[in-house]
Amino acid sequence: MNATALIDAAKDGILTGSVYALMATGLTLIFGVMDIINVAQGILVILGAYLSYALSVHLGIDLFLGLLITIPSLFVVGVVIERAFIGRLKGPEKTAMSILVTYAVSLLIEGALNIIFTVNDVQLHASYVNKSFLIGGIHFSFIYVAGFVMAVILLSALYFMLYRTRFGVSVRASLADQTSAALVGIDVRRVSTICFGIGVAVTAAGGMVYGATNAFNASTSYDLISRLLTIIVLGGMGSLGGAMIAGVSMVFIGDMVGVLWSPVWSTMAYFVVLIIVLLLRPQGLFGKPIARVA
């Protein structure tokens, strides 16, 4: 086995996987607090990429600077979606119904993006997108390293919010048991709305990096959501740490299979790993074996 190929696979797993983990973290946060499976997360990532594209092309705003606009914008989008659609779901069928509702939201956003931007592929461009630098004989892409640093910063901020703030206590209480949280005076509805907004907001950062490294259109969301759902199921539904580890593992496994066997099977590899893990541990790597009380 080529040692260089192994190092490259590990590098890509950490750098690229962290960006996928960032996008998946929002998805698993939404599920953990609300029992909502947001299959619109993929199109929301693409929406973030298109917002960065519009700011860059039409206003000349740098991709990273544009995040100061796109992240708050998508937070507002998330709050609107939660208030208009998700918050209305009640009862034991809420989780199942959320799949249908968020899929409908996804179709609406996809149709709007196709009308505004057409179905042609676009890609984000900046002077640093194709630049790389050499460390220890290994080439590092600037955009992937910057994306990794940004993912670490945002995930650290999310961790700080969850474990070092009063709001985080409310979130973790809701994660554990919504009924008990409500009984001690926590406004579970408000917590859910804010968490949904945060879960959508982080897609802006992931969408920007994704759009700078891949050509995309609205239909690209279908491939994205399959990857993100794979990550949160593999890591464990509702587990933020599991999403991070699963995101890195997913890319690493795919790259290793591509190097050792064939690139044709690289995408299929982590689905095979997912099936094996779920057969041995149905709750995922870090998921709870017993469902929490709603």
# chains A, B, ... in the order shown; residues from 1 in each chain; ligands from 1
call {"tool": "closest_atom_pairs", "arguments": {"of": "range 230-277 of chain A", "to": "range 9-14 of chain A", "cutoff": "8 Å", "atoms": "only C-alpha atoms", "output": "tab-separated table"}}
result
residue	atom	partner	partner_atom	distance
A:Gly247	CA	A:Gly13	CA	8.0
A:Val248	CA	A:Gly13	CA	4.8
A:Ser249	CA	A:Gly13	CA	6.4
A:Met250	CA	A:Gly13	CA	7.3
A:Val251	CA	A:Gly13	CA	4.7
A:Phe252	CA	A:Gly13	CA	4.1
A:Ile253	CA	A:Gly13	CA	7.9
A:Asp255	CA	A:Ala9	CA	5.3
A:Met256	CA	A:Ala9	CA	6.0
call {"tool": "select_by_dssp", "arguments": {"residues": "range 7-203 of chain A", "states": "strand (DSSP E)", "output": "tab-separated table (two decimals) with C-alpha atoms, in the first residue's frame"}}
result
chain	number	residue	atom	x	y	z
A	132	SER	CA	-2.50	25.04	-2.10
A	133	PHE	CA	0.57	24.98	0.10
A	134	LEU	CA	3.15	22.36	1.03
A	135	ILE	CA	3.82	21.10	4.56
A	138	ILE	CA	2.09	17.03	1.62
A	139	HIS	CA	-0.06	19.38	-0.44
A	140	PHE	CA	-2.90	21.08	1.41
A	141	SER	CA	-5.71	22.87	-0.40
call {"tool": "select_by_dssp", "arguments": {"residues": "range 43-192 of chain A", "states": "alpha helix (DSSP H)", "output": "compact mmCIF listing (two decimals) with N, CA and C atoms, in the first residue's frame"}}
result
# COMPACT_ATOMS: atom_id res chain seq x y z
N ILE A 43 -31.01 20.63 0.65
CA ILE A 43 -31.33 21.79 -0.19
C ILE A 43 -30.98 23.08 0.53
N LEU A 44 -31.00 23.08 1.86
CA LEU A 44 -30.61 24.27 2.61
C LEU A 44 -29.11 24.51 2.51
N VAL A 45 -28.33 23.44 2.42
CA VAL A 45 -26.89 23.58 2.15
C VAL A 45 -26.69 24.24 0.78
N ILE A 46 -27.43 23.76 -0.20
CA ILE A 46 -27.32 24.32 -1.55
C ILE A 46 -27.82 25.76 -1.57
N LEU A 47 -28.85 26.06 -0.80
CA LEU A 47 -29.32 27.44 -0.69
C LEU A 47 -28.21 28.33 -0.14
N GLY A 48 -27.49 27.84 0.86
CA GLY A 48 -26.35 28.59 1.40
C GLY A 48 -25.28 28.82 0.35
N ALA A 49 -25.04 27.79 -0.47
CA ALA A 49 -24.05 27.93 -1.54
C ALA A 49 -24.50 28.96 -2.57
N TYR A 50 -25.78 28.95 -2.91
CA TYR A 50 -26.31 29.92 -3.89
C TYR A 50 -26.28 31.35 -3.32
N LEU A 51 -26.54 31.49 -2.03
CA LEU A 51 -26.46 32.83 -1.43
C LEU A 51 -25.03 33.35 -1.50
N SER A 52 -24.05 32.49 -1.22
CA SER A 52 -22.65 32.89 -1.34
C SER A 52 -22.32 33.23 -2.79
N TYR A 53 -22.88 32.47 -3.72
CA TYR A 53 -22.66 32.72 -5.14
C TYR A 53 -23.22 34.08 -5.54
N ALA A 54 -24.43 34.38 -5.10
CA ALA A 54 -25.06 35.66 -5.45
C ALA A 54 -24.28 36.84 -4.87
N LEU A 55 -23.84 36.72 -3.63
CA LEU A 55 -23.08 37.80 -3.00
C LEU A 55 -21.74 38.00 -3.69
N SER A 56 -21.13 36.90 -4.10
CA SER A 56 -19.81 36.98 -4.74
C SER A 56 -19.89 37.54 -6.16
N VAL A 57 -20.83 37.02 -6.94
CA VAL A 57 -20.93 37.40 -8.35
C VAL A 57 -21.55 38.78 -8.54
N HIS A 58 -22.61 39.06 -7.81
CA HIS A 58 -23.36 40.29 -8.05
C HIS A 58 -22.91 41.48 -7.18
N LEU A 59 -22.34 41.19 -6.01
CA LEU A 59 -21.93 42.27 -5.12
C LEU A 59 -20.42 42.29 -4.87
N LEU A 63 -16.05 35.28 -0.28
CA LEU A 63 -16.81 34.12 0.16
C LEU A 63 -16.89 34.02 1.68
N PHE A 64 -15.76 34.19 2.34
CA PHE A 64 -15.76 34.06 3.81
C PHE A 64 -16.42 35.26 4.47
N LEU A 65 -16.21 36.43 3.93
CA LEU A 65 -16.86 37.63 4.46
C LEU A 65 -18.37 37.54 4.28
N GLY A 66 -18.78 36.92 3.19
CA GLY A 66 -20.20 36.78 2.93
C GLY A 66 -20.93 35.93 3.96
N LEU A 67 -20.17 35.09 4.70
CA LEU A 67 -20.80 34.27 5.74
C LEU A 67 -21.42 35.12 6.83
N LEU A 68 -20.92 36.34 7.01
CA LEU A 68 -21.51 37.24 7.99
C LEU A 68 -22.94 37.62 7.61
N ILE A 69 -23.27 37.41 6.33
CA ILE A 69 -24.63 37.68 5.84
C ILE A 69 -25.42 36.38 5.72
N THR A 70 -24.77 35.34 5.15
CA THR A 70 -25.52 34.12 4.86
C THR A 70 -25.88 33.32 6.12
N ILE A 71 -25.00 33.30 7.12
CA ILE A 71 -25.31 32.54 8.33
C ILE A 71 -26.53 33.13 9.06
N PRO A 72 -26.58 34.44 9.33
CA PRO A 72 -27.80 34.99 9.94
C PRO A 72 -29.03 34.82 9.05
N SER A 73 -28.83 34.95 7.73
CA SER A 73 -29.96 34.81 6.81
C SER A 73 -30.58 33.42 6.89
N LEU A 74 -29.73 32.40 6.93
CA LEU A 74 -30.26 31.04 7.01
C LEU A 74 -30.82 30.73 8.40
N PHE A 75 -30.30 31.41 9.42
CA PHE A 75 -30.93 31.27 10.74
C PHE A 75 -32.38 31.73 10.67
N VAL A 76 -32.60 32.86 10.02
CA VAL A 76 -33.96 33.39 9.87
C VAL A 76 -34.81 32.43 9.05
N VAL A 77 -34.24 31.88 7.97
CA VAL A 77 -34.97 30.90 7.15
C VAL A 77 -35.38 29.71 8.01
N GLY A 78 -34.45 29.23 8.84
CA GLY A 78 -34.77 28.10 9.71
C GLY A 78 -35.88 28.42 10.68
N VAL A 79 -35.85 29.61 11.29
CA VAL A 79 -36.89 30.01 12.23
C VAL A 79 -38.25 30.08 11.53
N VAL A 80 -38.27 30.63 10.32
CA VAL A 80 -39.52 30.74 9.56
C VAL A 80 -40.07 29.35 9.24
N ILE A 81 -39.19 28.44 8.80
CA ILE A 81 -39.63 27.07 8.47
C ILE A 81 -40.20 26.39 9.71
N GLU A 82 -39.51 26.56 10.84
CA GLU A 82 -39.98 25.91 12.07
C GLU A 82 -41.33 26.46 12.50
N ARG A 83 -41.47 27.78 12.45
CA ARG A 83 -42.72 28.40 12.89
C ARG A 83 -43.87 28.09 11.94
N ALA A 84 -43.58 28.07 10.64
CA ALA A 84 -44.64 27.90 9.65
C ALA A 84 -45.05 26.44 9.46
N LYS A 94 -45.28 12.63 14.89
CA LYS A 94 -44.55 13.84 14.51
C LYS A 94 -43.28 13.55 13.72
N THR A 95 -42.50 12.57 14.17
CA THR A 95 -41.23 12.27 13.51
C THR A 95 -41.47 11.80 12.08
N ALA A 96 -42.42 10.88 11.91
CA ALA A 96 -42.72 10.37 10.57
C ALA A 96 -43.26 11.48 9.67
N MET A 97 -44.15 12.30 10.21
CA MET A 97 -44.72 13.39 9.43
C MET A 97 -43.68 14.44 9.06
N SER A 98 -42.65 14.59 9.91
CA SER A 98 -41.63 15.59 9.63
C SER A 98 -40.87 15.28 8.35
N ILE A 99 -40.74 14.00 8.03
CA ILE A 99 -40.07 13.62 6.78
C ILE A 99 -40.85 14.15 5.59
N LEU A 100 -42.17 13.98 5.62
CA LEU A 100 -43.01 14.44 4.51
C LEU A 100 -43.03 15.97 4.43
N VAL A 101 -43.15 16.61 5.58
CA VAL A 101 -43.23 18.08 5.60
C VAL A 101 -41.93 18.70 5.12
N THR A 102 -40.81 18.23 5.64
CA THR A 102 -39.52 18.82 5.24
C THR A 102 -39.17 18.45 3.79
N TYR A 103 -39.66 17.31 3.33
CA TYR A 103 -39.46 16.98 1.91
C TYR A 103 -40.24 17.96 1.03
N ALA A 104 -41.46 18.30 1.46
CA ALA A 104 -42.24 19.29 0.72
C ALA A 104 -41.55 20.65 0.72
N VAL A 105 -40.99 21.04 1.87
CA VAL A 105 -40.23 22.29 1.96
C VAL A 105 -39.03 22.24 1.00
N SER A 106 -38.36 21.09 0.95
CA SER A 106 -37.22 20.91 0.07
C SER A 106 -37.61 21.11 -1.39
N LEU A 107 -38.75 20.56 -1.78
CA LEU A 107 -39.22 20.70 -3.17
C LEU A 107 -39.54 22.16 -3.49
N LEU A 108 -40.14 22.86 -2.54
CA LEU A 108 -40.46 24.28 -2.75
C LEU A 108 -39.18 25.10 -2.96
N ILE A 109 -38.18 24.87 -2.10
CA ILE A 109 -36.93 25.62 -2.22
C ILE A 109 -36.21 25.24 -3.51
N GLU A 110 -36.22 23.95 -3.84
CA GLU A 110 -35.56 23.49 -5.07
C GLU A 110 -36.21 24.15 -6.30
N GLY A 111 -37.54 24.21 -6.33
CA GLY A 111 -38.23 24.84 -7.46
C GLY A 111 -37.88 26.31 -7.57
N ALA A 112 -37.83 27.00 -6.42
CA ALA A 112 -37.50 28.42 -6.42
C ALA A 112 -36.07 28.65 -6.92
N LEU A 113 -35.13 27.80 -6.48
CA LEU A 113 -33.74 27.94 -6.92
C LEU A 113 -33.59 27.67 -8.41
N ASN A 114 -34.35 26.70 -8.92
CA ASN A 114 -34.30 26.40 -10.36
C ASN A 114 -34.82 27.58 -11.18
N ILE A 115 -35.84 28.26 -10.67
CA ILE A 115 -36.39 29.41 -11.37
C ILE A 115 -35.41 30.58 -11.35
N ILE A 116 -34.80 30.81 -10.19
CA ILE A 116 -33.92 31.98 -10.02
C ILE A 116 -32.56 31.76 -10.70
N PHE A 117 -31.98 30.57 -10.49
CA PHE A 117 -30.61 30.34 -10.96
C PHE A 117 -30.52 29.38 -12.14
N PHE A 142 -5.95 25.21 0.21
CA PHE A 142 -6.27 26.31 1.11
C PHE A 142 -7.75 26.29 1.50
N ILE A 143 -8.62 26.06 0.54
CA ILE A 143 -10.05 26.15 0.83
C ILE A 143 -10.49 25.04 1.79
N TYR A 144 -9.89 23.85 1.66
CA TYR A 144 -10.24 22.76 2.57
C TYR A 144 -9.70 23.02 3.97
N VAL A 145 -8.48 23.55 4.06
CA VAL A 145 -7.91 23.87 5.37
C VAL A 145 -8.73 24.97 6.03
N ALA A 146 -9.08 26.00 5.25
CA ALA A 146 -9.90 27.09 5.78
C ALA A 146 -11.26 26.57 6.22
N GLY A 147 -11.83 25.65 5.43
CA GLY A 147 -13.11 25.04 5.80
C GLY A 147 -13.01 24.24 7.08
N PHE A 148 -11.88 23.52 7.23
CA PHE A 148 -11.65 22.75 8.45
C PHE A 148 -11.56 23.67 9.67
N VAL A 149 -10.78 24.74 9.54
CA VAL A 149 -10.64 25.70 10.65
C VAL A 149 -11.99 26.30 11.01
N MET A 150 -12.75 26.66 9.97
CA MET A 150 -14.07 27.24 10.21
C MET A 150 -14.99 26.24 10.89
N ALA A 151 -14.93 24.97 10.45
CA ALA A 151 -15.76 23.95 11.08
C ALA A 151 -15.40 23.77 12.55
N VAL A 152 -14.11 23.76 12.85
CA VAL A 152 -13.66 23.62 14.24
C VAL A 152 -14.16 24.80 15.08
N ILE A 153 -14.06 26.01 14.53
CA ILE A 153 -14.50 27.20 15.26
C ILE A 153 -16.01 27.15 15.53
N LEU A 154 -16.78 26.82 14.50
CA LEU A 154 -18.24 26.80 14.64
C LEU A 154 -18.69 25.67 15.56
N LEU A 155 -18.05 24.49 15.42
CA LEU A 155 -18.42 23.37 16.29
C LEU A 155 -18.01 23.65 17.74
N SER A 156 -16.88 24.33 17.92
CA SER A 156 -16.47 24.71 19.27
C SER A 156 -17.44 25.72 19.87
N ALA A 157 -17.90 26.66 19.03
CA ALA A 157 -18.88 27.64 19.50
C ALA A 157 -20.20 26.94 19.88
N LEU A 158 -20.57 25.95 19.08
CA LEU A 158 -21.78 25.18 19.38
C LEU A 158 -21.62 24.41 20.68
N TYR A 159 -20.45 23.80 20.87
CA TYR A 159 -20.16 23.07 22.11
C TYR A 159 -20.22 24.02 23.30
N PHE A 160 -19.62 25.21 23.15
CA PHE A 160 -19.63 26.20 24.24
C PHE A 160 -21.06 26.59 24.57
N MET A 161 -21.86 26.79 23.54
CA MET A 161 -23.25 27.17 23.77
C MET A 161 -23.99 26.07 24.54
N LEU A 162 -23.74 24.81 24.18
CA LEU A 162 -24.47 23.71 24.79
C LEU A 162 -24.03 23.44 26.23
N TYR A 163 -22.76 23.64 26.52
CA TYR A 163 -22.23 23.21 27.82
C TYR A 163 -21.76 24.34 28.72
N ARG A 164 -21.82 25.57 28.25
CA ARG A 164 -21.32 26.68 29.07
C ARG A 164 -22.31 27.85 29.17
N ARG A 166 -26.59 29.16 29.85
CA ARG A 166 -27.89 28.79 30.41
C ARG A 166 -28.81 28.23 29.33
N PHE A 167 -28.74 28.83 28.14
CA PHE A 167 -29.55 28.31 27.04
C PHE A 167 -29.15 26.87 26.73
N GLY A 168 -27.84 26.58 26.80
CA GLY A 168 -27.37 25.23 26.57
C GLY A 168 -27.95 24.23 27.55
N VAL A 169 -28.12 24.66 28.79
CA VAL A 169 -28.75 23.79 29.79
C VAL A 169 -30.17 23.46 29.37
N SER A 170 -30.88 24.46 28.84
CA SER A 170 -32.24 24.23 28.36
C SER A 170 -32.26 23.27 27.19
N VAL A 171 -31.27 23.42 26.29
CA VAL A 171 -31.19 22.53 25.13
C VAL A 171 -30.93 21.10 25.58
N ARG A 172 -29.96 20.92 26.48
CA ARG A 172 -29.62 19.57 26.93
C ARG A 172 -30.75 18.94 27.73
N ALA A 173 -31.48 19.77 28.46
CA ALA A 173 -32.65 19.25 29.18
C ALA A 173 -33.71 18.78 28.19
N SER A 174 -33.88 19.54 27.11
CA SER A 174 -34.85 19.15 26.08
C SER A 174 -34.39 17.91 25.34
N LEU A 175 -33.07 17.79 25.15
CA LEU A 175 -32.51 16.59 24.53
C LEU A 175 -32.84 15.35 25.36
N ALA A 176 -32.75 15.51 26.68
CA ALA A 176 -32.96 14.36 27.57
C ALA A 176 -34.44 14.00 27.70
N GLN A 178 -38.23 16.17 26.97
CA GLN A 178 -38.98 17.40 26.73
C GLN A 178 -40.05 17.64 27.78
N THR A 179 -40.72 16.57 28.21
CA THR A 179 -41.80 16.72 29.19
C THR A 179 -41.26 17.23 30.52
N SER A 180 -40.16 16.63 30.99
CA SER A 180 -39.56 17.07 32.25
C SER A 180 -39.02 18.50 32.13
N ALA A 181 -38.44 18.82 30.96
CA ALA A 181 -37.92 20.17 30.75
C ALA A 181 -39.04 21.20 30.85
N ALA A 182 -40.19 20.87 30.26
CA ALA A 182 -41.32 21.80 30.33
C ALA A 182 -41.83 21.95 31.76
N LEU A 183 -41.79 20.87 32.52
CA LEU A 183 -42.29 20.90 33.90
C LEU A 183 -41.45 21.80 34.81
N VAL A 188 -39.91 24.91 25.88
CA VAL A 188 -39.42 23.93 24.92
C VAL A 188 -39.67 24.40 23.49
N ARG A 189 -40.79 25.08 23.25
CA ARG A 189 -41.09 25.55 21.91
C ARG A 189 -40.05 26.58 21.45
N ARG A 190 -39.70 27.50 22.35
CA ARG A 190 -38.69 28.51 22.01
C ARG A 190 -37.33 27.85 21.77
N VAL A 191 -36.97 26.90 22.62
CA VAL A 191 -35.70 26.18 22.45
C VAL A 191 -35.69 25.46 21.10
N SER A 192 -36.80 24.84 20.76
CA SER A 192 -36.89 24.10 19.49
C SER A 192 -36.72 25.04 18.30
call {"tool": "closest_residue", "arguments": {"among": "A:Ala246, A:Val200, A:Ala218, A:Val259", "to": "Ile7 in chain A", "atoms": "only C-alpha atoms"}}
result
A:Val259
call {"tool": "closest_residue", "arguments": {"among": "A:Val119, A:Ile231, A:Leu260, A:Val202", "to": "Met23 in chain A", "atoms": "only C-alpha atoms"}}
result
A:Val202
call {"tool": "atom_distance", "arguments": {"atom1": "CA of Gly254 in chain A", "atom2": "CA of Ser219 in chain A"}}
result
22.1 Å
call {"tool": "closest_residue", "arguments": {"among": "A:Ala201, A:Val33, A:Val184, A:Leu234", "to": "Leu280 in chain A", "atoms": "only C-alpha atoms"}}
result
A:Leu234
call {"tool": "atom_distance", "arguments": {"atom1": "CA of Ala21 in chain A", "atom2": "CA of Leu228 in chain A"}}
result
8.0 Å
call {"tool": "closest_residue", "arguments": {"among": "A:Gly197, A:Gly60, A:Gly87, A:Gly206", "to": "Ala24 in chain A", "atoms": "only C-alpha atoms"}}
result
A:Gly206
call {"tool": "atom_distance", "arguments": {"atom1": "CA of Val209 in chain A", "atom2": "CA of Val19 in chain A"}}
result
7.6 Å
call {"tool": "decode", "arguments": {"residues": "range 209-223 of chain A", "atoms": "N, CA and C atoms", "output": "PDB file, in the first residue's frame"}}
result
ATOM      1  N   VAL A 209     -18.263  26.220   1.470  1.00  0.00           N
ATOM      2  CA  VAL A 209     -17.095  25.382   1.170  1.00  0.00           C
ATOM      3  C   VAL A 209     -17.446  24.341   0.104  1.00  0.00           C
ATOM      4  N   TYR A 210     -18.621  23.753   0.226  1.00  0.00           N
ATOM      5  CA  TYR A 210     -19.047  22.761  -0.763  1.00  0.00           C
ATOM      6  C   TYR A 210     -19.131  23.396  -2.156  1.00  0.00           C
ATOM      7  N   GLY A 211     -19.718  24.578  -2.230  1.00  0.00           N
ATOM      8  CA  GLY A 211     -19.870  25.248  -3.520  1.00  0.00           C
ATOM      9  C   GLY A 211     -18.562  25.697  -4.123  1.00  0.00           C
ATOM     10  N   ALA A 212     -17.545  25.926  -3.283  1.00  0.00           N
ATOM     11  CA  ALA A 212     -16.234  26.340  -3.791  1.00  0.00           C
ATOM     12  C   ALA A 212     -15.422  25.155  -4.286  1.00  0.00           C
ATOM     13  N   THR A 213     -15.796  23.954  -3.872  1.00  0.00           N
ATOM     14  CA  THR A 213     -15.022  22.770  -4.248  1.00  0.00           C
ATOM     15  C   THR A 213     -15.783  21.823  -5.171  1.00  0.00           C
ATOM     16  N   ASN A 214     -17.040  22.129  -5.446  1.00  0.00           N
ATOM     17  CA  ASN A 214     -17.852  21.277  -6.316  1.00  0.00           C
ATOM     18  C   ASN A 214     -18.781  22.139  -7.160  1.00  0.00           C
ATOM     19  N   ALA A 215     -18.995  21.727  -8.410  1.00  0.00           N
ATOM     20  CA  ALA A 215     -20.055  22.344  -9.209  1.00  0.00           C
ATOM     21  C   ALA A 215     -21.387  21.854  -8.648  1.00  0.00           C
ATOM     22  N   PHE A 216     -22.392  22.715  -8.645  1.00  0.00           N
ATOM     23  CA  PHE A 216     -23.651  22.328  -8.021  1.00  0.00           C
ATOM     24  C   PHE A 216     -24.829  22.991  -8.711  1.00  0.00           C
ATOM     25  N   ASN A 217     -25.991  22.387  -8.546  1.00  0.00           N
ATOM     26  CA  ASN A 217     -27.272  23.000  -8.855  1.00  0.00           C
ATOM     27  C   ASN A 217     -28.255  22.524  -7.798  1.00  0.00           C
ATOM     28  N   ALA A 218     -29.505  22.875  -7.931  1.00  0.00           N
ATOM     29  CA  ALA A 218     -30.470  22.534  -6.876  1.00  0.00           C
ATOM     30  C   ALA A 218     -30.615  21.030  -6.679  1.00  0.00           C
ATOM     31  N   SER A 219     -30.469  20.260  -7.759  1.00  0.00           N
ATOM     32  CA  SER A 219     -30.637  18.807  -7.661  1.00  0.00           C
ATOM     33  C   SER A 219     -29.491  18.132  -6.916  1.00  0.00           C
ATOM     34  N   THR A 220     -28.387  18.838  -6.733  1.00  0.00           N
ATOM     35  CA  THR A 220     -27.257  18.286  -5.986  1.00  0.00           C
ATOM     36  C   THR A 220     -27.652  17.959  -4.555  1.00  0.00           C
ATOM     37  N   SER A 221     -28.727  18.550  -4.087  1.00  0.00           N
ATOM     38  CA  SER A 221     -29.160  18.351  -2.702  1.00  0.00           C
ATOM     39  C   SER A 221     -29.487  16.898  -2.397  1.00  0.00           C
ATOM     40  N   TYR A 222     -29.907  16.123  -3.406  1.00  0.00           N
ATOM     41  CA  TYR A 222     -30.286  14.735  -3.157  1.00  0.00           C
ATOM     42  C   TYR A 222     -29.078  13.896  -2.743  1.00  0.00           C
ATOM     43  N   ASP A 223     -27.948  14.113  -3.401  1.00  0.00           N
ATOM     44  CA  ASP A 223     -26.737  13.411  -3.008  1.00  0.00           C
ATOM     45  C   ASP A 223     -26.287  13.867  -1.616  1.00  0.00           C
TER      46      ASP A 223
END
